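entry.tsv (TSV, C-alpha atoms and all ligand atoms)
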```tsv
chain	number	residue	atom	x	y	z
A	1	MET	CA	79.42	127.55	77.79
A	2	LEU	CA	78.23	124.31	79.47
A	3	GLU	CA	74.89	124.39	81.22
A	4	VAL	CA	73.28	121.45	82.96
A	5	LYS	CA	69.59	122.00	83.60
A	6	ASP	CA	67.26	119.81	85.66
A	7	LEU	CA	69.22	116.70	84.75
A	8	ASN	CA	67.74	113.40	85.93
A	9	LEU	CA	69.14	109.93	85.44
A	10	ILE	CA	67.27	106.78	86.40
A	11	TYR	CA	69.07	103.46	85.89
A	12	ASN	CA	66.93	100.49	84.79
A	13	GLN	CA	63.75	102.49	85.48
A	14	LYS	CA	64.24	102.17	89.22
A	15	LEU	CA	67.50	103.65	90.55
A	16	HIS	CA	67.15	107.45	90.55
A	17	VAL	CA	70.85	108.38	90.76
A	18	LEU	CA	70.84	112.00	89.53
A	19	LYS	CA	68.06	114.25	90.79
A	20	ASN	CA	67.41	117.66	89.22
A	21	ILE	CA	71.06	118.52	88.73
A	22	ASN	CA	71.76	122.17	87.85
A	23	PHE	CA	75.14	123.85	87.32
A	24	GLU	CA	77.17	125.62	84.68
A	25	VAL	CA	80.79	125.87	83.63
A	26	LYS	CA	82.07	129.09	82.08
A	27	LYS	CA	84.78	129.43	79.46
A	28	GLY	CA	88.23	129.13	80.99
A	29	GLU	CA	86.88	128.10	84.38
A	30	VAL	CA	87.99	125.12	86.47
A	31	ALA	CA	84.95	123.45	88.01
A	32	GLY	CA	85.14	120.63	90.51
A	33	ILE	CA	82.51	117.95	91.07
A	34	ILE	CA	82.93	116.41	94.50
A	35	GLY	CA	81.03	113.86	96.53
A	36	LEU	CA	81.50	110.75	98.57
A	37	SER	CA	81.54	107.32	96.95
A	38	GLY	CA	78.17	106.56	95.38
A	39	ALA	CA	77.08	110.22	95.27
A	40	GLY	CA	76.75	110.03	91.48
A	41	LYS	CA	79.99	111.62	90.22
A	42	THR	CA	80.70	109.04	87.53
A	43	SER	CA	77.06	109.07	86.48
A	44	ILE	CA	77.25	112.86	85.91
A	45	LEU	CA	80.49	112.54	84.00
A	46	ARG	CA	79.05	109.85	81.74
A	47	SER	CA	75.87	111.87	81.22
A	48	LEU	CA	77.82	115.00	80.22
A	49	VAL	CA	79.27	113.16	77.23
A	50	LEU	CA	76.07	111.22	76.55
A	51	LEU	CA	77.66	107.85	77.34
A	52	GLU	CA	74.59	107.67	79.55
A	53	LYS	CA	71.43	109.17	78.09
A	54	PRO	CA	69.73	111.41	80.66
A	55	THR	CA	66.19	110.41	81.61
A	56	SER	CA	65.25	114.09	81.46
A	57	GLY	CA	66.85	117.53	81.48
A	58	GLU	CA	69.28	119.43	79.29
A	59	ILE	CA	73.03	119.42	78.72
A	60	LYS	CA	73.71	122.56	76.76
A	61	LEU	CA	77.05	123.15	75.10
A	62	ASN	CA	77.23	126.69	73.70
A	63	GLY	CA	73.45	126.77	73.72
A	64	LYS	CA	72.91	123.40	71.95
A	65	ASP	CA	71.21	120.68	73.98
A	66	LEU	CA	73.37	117.58	73.42
A	67	SER	CA	70.67	115.24	74.66
A	68	LYS	CA	68.37	116.25	71.77
A	69	LEU	CA	70.91	116.02	68.93
A	70	LYS	CA	70.84	113.38	66.21
A	71	GLU	CA	73.72	110.88	66.18
A	72	ARG	CA	75.73	112.71	63.48
A	73	ASP	CA	75.45	116.17	65.07
A	74	LEU	CA	76.17	114.69	68.47
A	75	MET	CA	79.42	113.18	67.13
A	76	ILE	CA	80.52	116.65	66.00
A	77	GLU	CA	79.64	118.35	69.30
A	78	ARG	CA	81.05	115.48	71.37
A	79	LYS	CA	84.52	116.15	69.95
A	80	LYS	CA	84.53	119.48	71.79
A	81	ILE	CA	84.55	117.62	75.11
A	82	SER	CA	87.51	115.38	75.93
A	83	VAL	CA	87.34	112.90	78.77
A	84	VAL	CA	90.38	111.62	80.62
A	85	PHE	CA	89.18	108.49	82.41
A	86	GLN	CA	90.42	107.43	85.82
A	87	ASN	CA	92.17	104.27	84.54
A	88	TYR	CA	93.77	106.26	81.68
A	89	ASN	CA	92.50	103.85	78.98
A	90	LEU	CA	95.88	103.79	77.23
A	91	LEU	CA	96.45	101.19	74.54
A	92	SER	CA	99.19	98.88	75.81
A	93	THR	CA	100.45	97.94	72.32
A	94	ARG	CA	101.03	101.57	71.32
A	95	THR	CA	103.83	103.87	72.45
A	96	VAL	CA	103.23	107.20	74.18
A	97	TYR	CA	103.55	108.92	70.78
A	98	GLU	CA	101.06	106.53	69.17
A	99	ASN	CA	98.60	106.85	72.04
A	100	ILE	CA	98.63	110.66	71.80
A	101	ALA	CA	98.37	110.55	68.01
A	102	LEU	CA	95.43	108.11	67.98
A	103	PRO	CA	92.55	110.63	67.84
A	104	LEU	CA	94.27	112.45	64.96
A	105	GLU	CA	94.85	109.20	63.06
A	106	ILE	CA	91.21	108.21	63.47
A	107	ASN	CA	90.13	111.59	62.05
A	108	LYS	CA	92.76	111.32	59.27
A	109	GLU	CA	94.15	114.72	60.20
A	110	LYS	CA	97.29	116.46	58.93
A	111	ASN	CA	100.51	117.54	60.66
A	112	ILE	CA	100.15	114.72	63.15
A	113	LYS	CA	103.86	114.55	64.04
A	114	ASP	CA	104.23	118.30	64.65
A	115	ARG	CA	101.12	118.43	66.79
A	116	VAL	CA	102.06	115.42	68.91
A	117	LEU	CA	105.62	116.67	69.46
A	118	LYS	CA	104.40	120.13	70.45
A	119	LEU	CA	101.91	118.78	72.95
A	120	ALA	CA	104.38	116.19	74.31
A	121	GLU	CA	106.76	119.05	75.04
A	122	GLU	CA	103.98	121.00	76.75
A	123	VAL	CA	103.01	118.13	79.05
A	124	GLY	CA	106.60	117.09	79.78
A	125	LEU	CA	106.70	113.79	77.87
A	126	LYS	CA	109.28	114.62	75.21
A	127	ASP	CA	111.70	111.98	76.48
A	128	ARG	CA	109.11	109.26	76.83
A	129	LEU	CA	107.54	109.20	73.39
A	130	ASP	CA	108.82	105.76	72.39
A	131	HIS	CA	107.93	104.11	75.71
A	132	TYR	CA	105.00	101.73	76.12
A	133	PRO	CA	102.44	102.32	78.89
A	134	SER	CA	103.72	99.37	80.95
A	135	SER	CA	107.05	101.15	81.49
A	136	LEU	CA	105.53	104.48	82.55
A	137	SER	CA	105.00	105.82	86.08
A	138	GLY	CA	101.48	106.74	87.20
A	139	GLY	CA	102.19	110.42	86.60
A	140	GLU	CA	103.50	109.75	83.08
A	141	LYS	CA	100.44	107.65	82.26
A	142	GLN	CA	98.25	110.52	83.42
A	143	ARG	CA	100.26	113.00	81.31
A	144	THR	CA	99.88	110.74	78.26
A	145	ALA	CA	96.12	110.46	78.83
A	146	ILE	CA	95.85	114.25	79.27
A	147	ALA	CA	97.91	114.88	76.12
A	148	ARG	CA	95.67	112.51	74.16
A	149	GLY	CA	92.66	114.38	75.55
A	150	MET	CA	94.13	117.71	74.47
A	151	ILE	CA	95.33	116.75	71.00
A	152	ASN	CA	92.04	117.71	69.32
A	153	ASN	CA	91.95	121.16	70.98
A	154	PRO	CA	88.78	120.48	72.95
A	155	GLU	CA	86.71	123.27	74.46
A	156	ILE	CA	86.18	121.28	77.65
A	157	LEU	CA	88.57	118.88	79.35
A	158	LEU	CA	86.84	116.49	81.75
A	159	LEU	CA	89.13	114.73	84.20
A	160	ASP	CA	87.87	111.76	86.20
A	161	GLU	CA	89.70	111.46	89.56
A	162	PRO	CA	92.97	112.67	87.98
A	163	THR	CA	95.04	112.37	91.15
A	164	SER	CA	93.42	109.61	93.19
A	165	ALA	CA	96.04	107.00	92.21
A	166	LEU	CA	99.04	109.33	92.59
A	167	ASP	CA	101.42	110.15	95.44
A	168	PRO	CA	101.41	113.73	96.88
A	169	ASN	CA	104.37	114.99	94.80
A	170	THR	CA	103.01	113.62	91.55
A	171	THR	CA	99.59	115.02	92.49
A	172	ASP	CA	101.19	118.49	92.82
A	173	ARG	CA	102.77	118.21	89.41
A	174	ILE	CA	99.64	116.92	87.67
A	175	LEU	CA	97.49	119.69	89.21
A	176	LYS	CA	100.07	122.24	88.07
A	177	LEU	CA	99.92	120.79	84.55
A	178	VAL	CA	96.11	120.92	84.54
A	179	LEU	CA	96.16	124.57	85.67
A	180	ASP	CA	98.87	125.49	83.12
A	181	LEU	CA	96.85	123.95	80.28
A	182	ASN	CA	93.69	125.62	81.56
A	183	LYS	CA	95.36	129.07	81.51
A	184	LYS	CA	97.32	128.70	78.31
A	185	HIS	CA	94.41	127.39	76.24
A	186	ASP	CA	91.63	129.24	78.09
A	187	LEU	CA	90.23	125.76	78.49
A	188	SER	CA	87.12	124.99	80.49
A	189	THR	CA	88.09	122.19	82.83
A	190	ILE	CA	85.94	119.89	84.93
A	191	ILE	CA	87.58	117.79	87.62
A	192	VAL	CA	85.62	114.95	89.18
A	193	THR	CA	87.16	114.05	92.52
A	194	HIS	CA	86.54	112.87	96.05
A	195	GLU	CA	89.55	114.83	97.36
A	196	MET	CA	88.82	118.18	99.08
A	197	ASP	CA	92.41	119.21	98.54
A	198	VAL	CA	92.00	119.08	94.77
A	199	ILE	CA	88.98	121.37	95.02
A	200	LYS	CA	90.88	123.79	97.27
A	201	ARG	CA	93.97	123.98	95.14
A	202	ALA	CA	92.68	123.85	91.60
A	203	CYS	CA	89.03	124.85	91.28
A	204	ASP	CA	87.16	128.12	90.87
A	205	ARG	CA	83.67	126.75	91.44
A	206	VAL	CA	82.41	123.53	92.90
A	207	VAL	CA	79.42	121.23	92.54
A	208	TYR	CA	78.95	119.31	95.79
A	209	LEU	CA	76.95	116.16	95.15
A	210	LYS	CA	75.16	114.40	97.95
A	211	ASN	CA	72.93	111.38	97.35
A	212	GLY	CA	72.51	112.31	93.69
A	213	GLU	CA	71.54	115.93	94.40
A	214	VAL	CA	73.46	119.18	94.13
A	215	ASN	CA	73.88	120.18	97.76
A	216	PHE	CA	75.97	123.22	96.85
A	217	PHE	CA	77.03	124.96	93.64
A	218	GLY	CA	79.14	128.11	93.76
A	219	PRO	CA	82.60	129.61	94.36
A	220	VAL	CA	85.07	127.42	96.21
A	221	TYR	CA	85.67	129.92	99.05
A	222	LYS	CA	81.92	130.08	99.76
A	223	PHE	CA	81.74	126.31	99.77
A	224	PHE	CA	84.44	125.94	102.41
A	225	ILE	CA	83.14	128.81	104.52
A	226	GLU	CA	79.41	128.05	104.37
A	227	LYS	CA	79.53	124.27	104.32
A	228	GLU	CA	82.48	123.95	106.64
A	229	LYS	CA	80.86	122.01	109.43
A	230	GLU	CA	79.11	119.60	107.10
A	231	ILE	CA	82.11	118.85	104.91
A	232	TYR	CA	84.42	118.49	107.86
A	233	GLU	CA	82.04	116.01	109.40
A	234	GLU	CA	81.71	114.08	106.14
A	235	PHE	CA	85.20	114.19	104.74
A	236	TYR	CA	87.50	114.78	107.70
A	237	LYS	CA	85.80	113.07	110.61
A	238	GLU	CA	89.03	112.66	112.53
A	239	ILE	CA	89.80	116.40	112.93
A	240	ASN	CA	86.28	117.57	113.60
A	241	ILE	CA	86.26	119.65	116.80
A	242	ASP	CA	83.97	118.73	119.66
A	243	TRP	CA	81.37	121.48	119.46
A	244	LYS	CA	79.32	120.32	122.43
A	245	ALA	CA	82.27	120.17	124.81
A	246	THR	CA	83.56	123.54	123.59
A	247	ARG	CA	80.18	125.13	124.23
A	248	LYS	CA	79.88	123.64	127.70
A	249	LYS	CA	83.32	124.76	128.76
A	250	SER	CA	82.75	128.39	127.91
A	251	GLY	CA	79.14	128.69	129.06
A	252	LYS	CA	79.79	131.22	131.82
A	253	GLU	CA	78.46	134.73	132.37
A	254	ASN	CA	80.06	137.69	130.60
A	255	GLN	CA	81.44	135.37	127.97
A	256	LYS	CA	80.58	134.74	124.37
A	257	LEU	CA	81.71	131.89	122.14
A	258	ILE	CA	82.20	133.25	118.63
A	259	LYS	CA	83.36	131.97	115.28
A	260	VAL	CA	85.14	134.42	113.02
A	261	THR	CA	85.76	133.74	109.33
A	262	PHE	CA	88.25	135.74	107.28
A	263	TYR	CA	88.59	135.65	103.52
A	264	GLY	CA	91.24	137.20	101.32
A	265	ASP	CA	93.79	139.79	102.45
A	266	SER	CA	92.22	140.35	105.87
A	267	THR	CA	93.13	136.75	106.76
A	268	HIS	CA	96.65	137.86	107.64
A	269	GLU	CA	95.79	141.18	109.34
A	270	PRO	CA	95.78	141.66	113.12
A	271	ILE	CA	92.13	142.75	113.15
A	272	LEU	CA	91.19	140.88	116.31
A	273	ASP	CA	94.14	142.14	118.22
A	274	GLU	CA	93.33	145.75	117.35
A	275	ILE	CA	89.60	145.58	118.12
A	276	SER	CA	90.05	143.60	121.34
A	277	LYS	CA	92.50	146.26	122.59
A	278	LYS	CA	90.15	149.07	121.60
A	279	TYR	CA	87.22	147.57	123.55
A	280	ASP	CA	89.42	146.06	126.26
A	281	VAL	CA	87.94	142.57	125.98
A	282	LYS	CA	89.91	139.40	126.59
A	283	LEU	CA	90.16	136.75	123.87
A	284	ASN	CA	90.75	133.09	124.49
A	285	TYR	CA	91.51	131.26	121.23
A	286	ILE	CA	90.07	127.74	121.15
A	287	TYR	CA	90.56	126.71	117.55
A	288	GLY	CA	92.07	128.26	114.45
A	289	LYS	CA	93.21	127.44	110.95
A	290	ILE	CA	94.12	129.07	107.67
A	291	GLU	CA	93.34	127.33	104.38
A	292	HIS	CA	95.00	128.30	101.12
A	293	LEU	CA	92.56	128.23	98.21
A	294	LYS	CA	93.52	128.68	94.56
A	295	LEU	CA	93.20	132.48	94.63
A	296	LYS	CA	93.03	133.71	98.23
A	297	PRO	CA	93.30	132.27	101.73
A	298	TYR	CA	90.51	131.94	104.25
A	299	GLY	CA	90.78	131.48	107.97
A	300	THR	CA	88.53	130.41	110.81
A	301	LEU	CA	88.91	131.14	114.50
A	302	ILE	CA	86.77	130.02	117.40
A	303	ILE	CA	87.19	132.32	120.36
A	304	VAL	CA	85.82	132.86	123.83
A	305	VAL	CA	85.36	136.59	124.44
A	306	GLU	CA	85.41	137.70	128.08
A	307	TYR	CA	83.84	141.14	128.40
A	308	GLU	CA	82.88	142.01	132.03
A	309	ASP	CA	81.47	145.58	131.87
A	310	ARG	CA	82.90	146.39	128.43
A	311	ASP	CA	80.94	147.52	125.37
A	312	ILE	CA	80.43	144.03	123.93
A	313	GLU	CA	77.80	145.19	121.40
A	314	GLY	CA	80.28	147.76	120.01
A	315	PHE	CA	82.99	145.10	119.84
A	316	MET	CA	80.73	142.65	117.97
A	317	LYS	CA	79.51	145.31	115.53
A	318	GLU	CA	82.97	146.53	114.64
A	319	LEU	CA	84.33	143.00	114.31
A	320	GLU	CA	81.43	142.00	112.06
A	321	SER	CA	82.14	144.96	109.75
A	322	LYS	CA	85.76	143.89	109.30
A	323	VAL	CA	85.54	140.13	108.75
A	324	TYR	CA	83.83	137.91	106.20
A	325	LYS	CA	81.47	136.34	108.70
A	326	LEU	CA	80.86	136.51	112.44
A	327	GLU	CA	78.74	133.92	114.23
A	328	GLU	CA	77.78	133.67	117.85
A	329	LEU	CA	77.95	130.02	118.85
A	330	LEU	CA	76.61	130.50	122.35
A	401	LIG	N1	75.31	101.41	84.95
A	401	LIG	C1	74.70	101.39	86.14
A	401	LIG	N2	73.55	100.69	86.33
A	401	LIG	C2	72.92	100.70	87.53
A	401	LIG	N3	73.34	101.39	88.61
A	401	LIG	C3	74.47	102.10	88.51
A	401	LIG	C4	75.21	102.14	87.27
A	401	LIG	N4	76.29	102.95	87.45
A	401	LIG	C5	76.22	103.38	88.75
A	401	LIG	N5	75.15	102.89	89.37
A	401	LIG	C6	74.72	103.18	90.76
A	401	LIG	O1	74.50	104.59	90.84
A	401	LIG	C7	74.93	105.11	92.09
A	401	LIG	C8	75.92	106.23	91.85
A	401	LIG	O2	77.11	105.68	91.29
A	401	LIG	P1	78.32	106.55	90.69
A	401	LIG	O3	79.33	105.56	90.18
A	401	LIG	O4	77.81	107.58	89.76
A	401	LIG	O5	78.85	107.27	92.03
A	401	LIG	P2	80.29	107.90	92.32
A	401	LIG	O6	80.02	109.13	93.11
A	401	LIG	O7	81.04	108.06	91.03
A	401	LIG	O8	80.99	106.83	93.22
A	401	LIG	P3	82.55	106.38	93.27
A	401	LIG	O9	83.29	107.56	93.81
A	401	LIG	O10	82.54	105.22	94.21
A	401	LIG	O11	82.94	106.02	91.88
A	401	LIG	C9	75.51	103.93	92.86
A	401	LIG	O12	74.50	103.47	93.72
A	401	LIG	C10	75.81	102.91	91.77
A	401	LIG	O13	75.74	101.59	92.26
```
Go through the file and emit its structure as structure tokens.
Amino acid sequence: MLEVKDLNLIYNQKLHVLKNINFEVKKGEVAGIIGLSGAGKTSILRSLVLLEKPTSGEIKLNGKDLSKLKERDLMIERKKISVVFQNYNLLSTRTVYENIALPLEINKEKNIKDRVLKLAEEVGLKDRLDHYPSSLSGGEKQRTAIARGMINNPEILLLDEPTSALDPNTTDRILKLVLDLNKKHDLSTIIVTHEMDVIKRACDRVVYLKNGEVNFFGPVYKFFIEKEKEIYEEFYKEINIDWKATRKKSGKENQKLIKVTFYGDSTHEPILDEISKKYDVKLNYIYGKIEHLKLKPYGTLIIVVEYEDRDIEGFMKELESKVYKLEELL
């Protein structure tokens, strides 16, 4: 439904911030756009709704290239994409009710009260409708901004850093709300974030932006499995394991250092235990973790295999056939 093709954005004819960006978002999908500060996330978000006119490339919504539309047609198509900005952009002189109703008032639409009340109930703001933004918590402000974004039944909801200003419990509740709305309305949702956890817990596919380029675009599980080392080094420096030291320590004869990746149901099965017994090899676990993604878990283990005179080739072959990925690190 949304296709971004060879998108380029150059600010002031010199700063090339978005370089040949390609990705798509399907109907009902939750896509995440992640990158470190300065990677170009906000620039993409602004380009998607033509607040920034792309220097070249296409932004196709249901086959129509928004960047080529005339002002009037663009206004019509633009209404199908709602943006919830990071600072909420709520009007301080209007109550929660009046903030949510604003887009309907501007369009002089009917049944405003019914629609606002229904949505307020859905997002959990029924008891806050006559409050002003200054008396709302961060989570309530975010709910109000999301409700206002949803009031026109958009086809795409674009959320800019929806949880970066919230505590962990409120983050949980806002992500749950976003996923509930996504399911109930079969709504395509794009979340711009710098938090890996948001990608893990809420997204189906991810666009990983690095220095204005798409470094990865694909399913979230593939992203974490294939880009693991890179993203751990970039985003979680403090828990990165010392690969060099690990390699050195295990560099003896009749030993292999392997990395095993599981995905889905096999993550919780005793595969290694069974195969190691069958081939009578000894396993020394150096590092392990299980991550819970939106749909299925994935796990990584780093193991030293001690094999003496055992059939190590048979062991490796059988293990490879039963796990998502097997790598020999040494
Ligand atoms: N309107 C603008 N004019 C000129 N340069 C800009 C403009 N907006 C952003 N930039 C520059 O473009 C680059 C990408 O910025 P952008 O805000 O898109 O990144 P970001 O990934 O959203 O970062 P952050 O997470 O810090 O918000 C930065 O070098 C920034 O200084």
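In terms of minimum interatomic distance to Asn211 (chain A), A:Ala39 ranks closest within A:Ala39, A:Leu175, A:Ile225, A:Leu2, counting all atoms listed in the file.
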message: Let me make sure I understand: among A:Tyr298, A:Tyr88, A:Tyr279, A:Tyr11, which one has the smallest atom-to-atom distance to ligand LIG 401 (chain A) if we use all atoms listed in the file?
response: A:Tyr11
field: Test item: residues lying within 12 Å of ligand LIG 401 (chain A) with all atoms listed in the file, as a VMD selection string
entry: chain A and resid 9 to 19 33 to 47 51 to 53 85 to 87 160 to 161 164 192 to 195 208 to 213
task: For each of A:Asn182, A:Asn254, A:Ser82, A:Asn152, take the minimum atom-to-atom distance to Arg115 (chain A), counting all atoms listed in the file, then give the residue where this is smallest.
output: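 That would be A:Asn152, the residue with the smallest distance to Arg115 (chain A).
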field: Neighbour list for Val83 (chain A) as an MDAnalysis selection string, cut-off 12 Å, all atoms listed in the file, skip fewer than 6 positions in-chain
entry: chainID A and resid 42 45:51 89 145:152 154:162 189:192
Among listed residues A:Cys203, A:Ile275, A:Ala120, A:Ala165, nearest Ile312 (chain A) (using only C-alpha atoms):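 For Ile312 (chain A), the nearest of the given residues is A:Ile275.
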- prompt: Contacts of Ile302 (chain A) at 9 Å or less, counting only C-alpha atoms, minus same-chain residues fewer than 5 places along, as an MDAnalysis selection string?
  reply: chainID A and resid 257:261 284:288 329
task: For a cut-off of 9 Å around (91.6, 130.1, 108.6), file coordinates, pick out all residues using only C-alpha atoms and list them as a PyMOL selection string.
output: chain A and resi 260-263+267+288-292+297-301
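Counting from CA of Val198 (chain A), the distance to CA of Arg173 (chain A) is 12.1 Å.
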query: In Å, how far is it from CA of Lys60 (chain A) to CA of His185 (chain A)?
result: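 Spanning CA of Lys60 (chain A) to CA of His185 (chain A) is a straight-line distance of 21.3 Å.
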message: Between CA of Leu179 (chain A) and CA of Val30 (chain A), what distance in Å does the model show, to one decimal?
response: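 CA of Val30 (chain A) lies at a distance of 8.2 Å from CA of Leu179 (chain A).
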Shortest interatomic distance to Leu293 (chain A) - which of A:Asp309, A:Asp204, A:Glu274, A:Glu318, counting only C-alpha atoms: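 Once distances to Leu293 (chain A) are computed over only C-alpha atoms, the minimum belongs to A:Asp204.
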message: Restricting the calculation to all atoms listed in the file: of A:Leu125, A:Leu136, A:Val305, A:Leu272, which residue gets closest to Glu320 (chain A)?
response: A:Leu272
- request: Excluding Lys176 (chain A) and residues on its chain fewer than 3 positions from it, collect all residues at most 12 Å away from it, counting all atoms listed in the file, and give them as a ChimeraX atom specification.
  value: /A:123-124,143,162-163,169-173,179-183,198,201-203,294
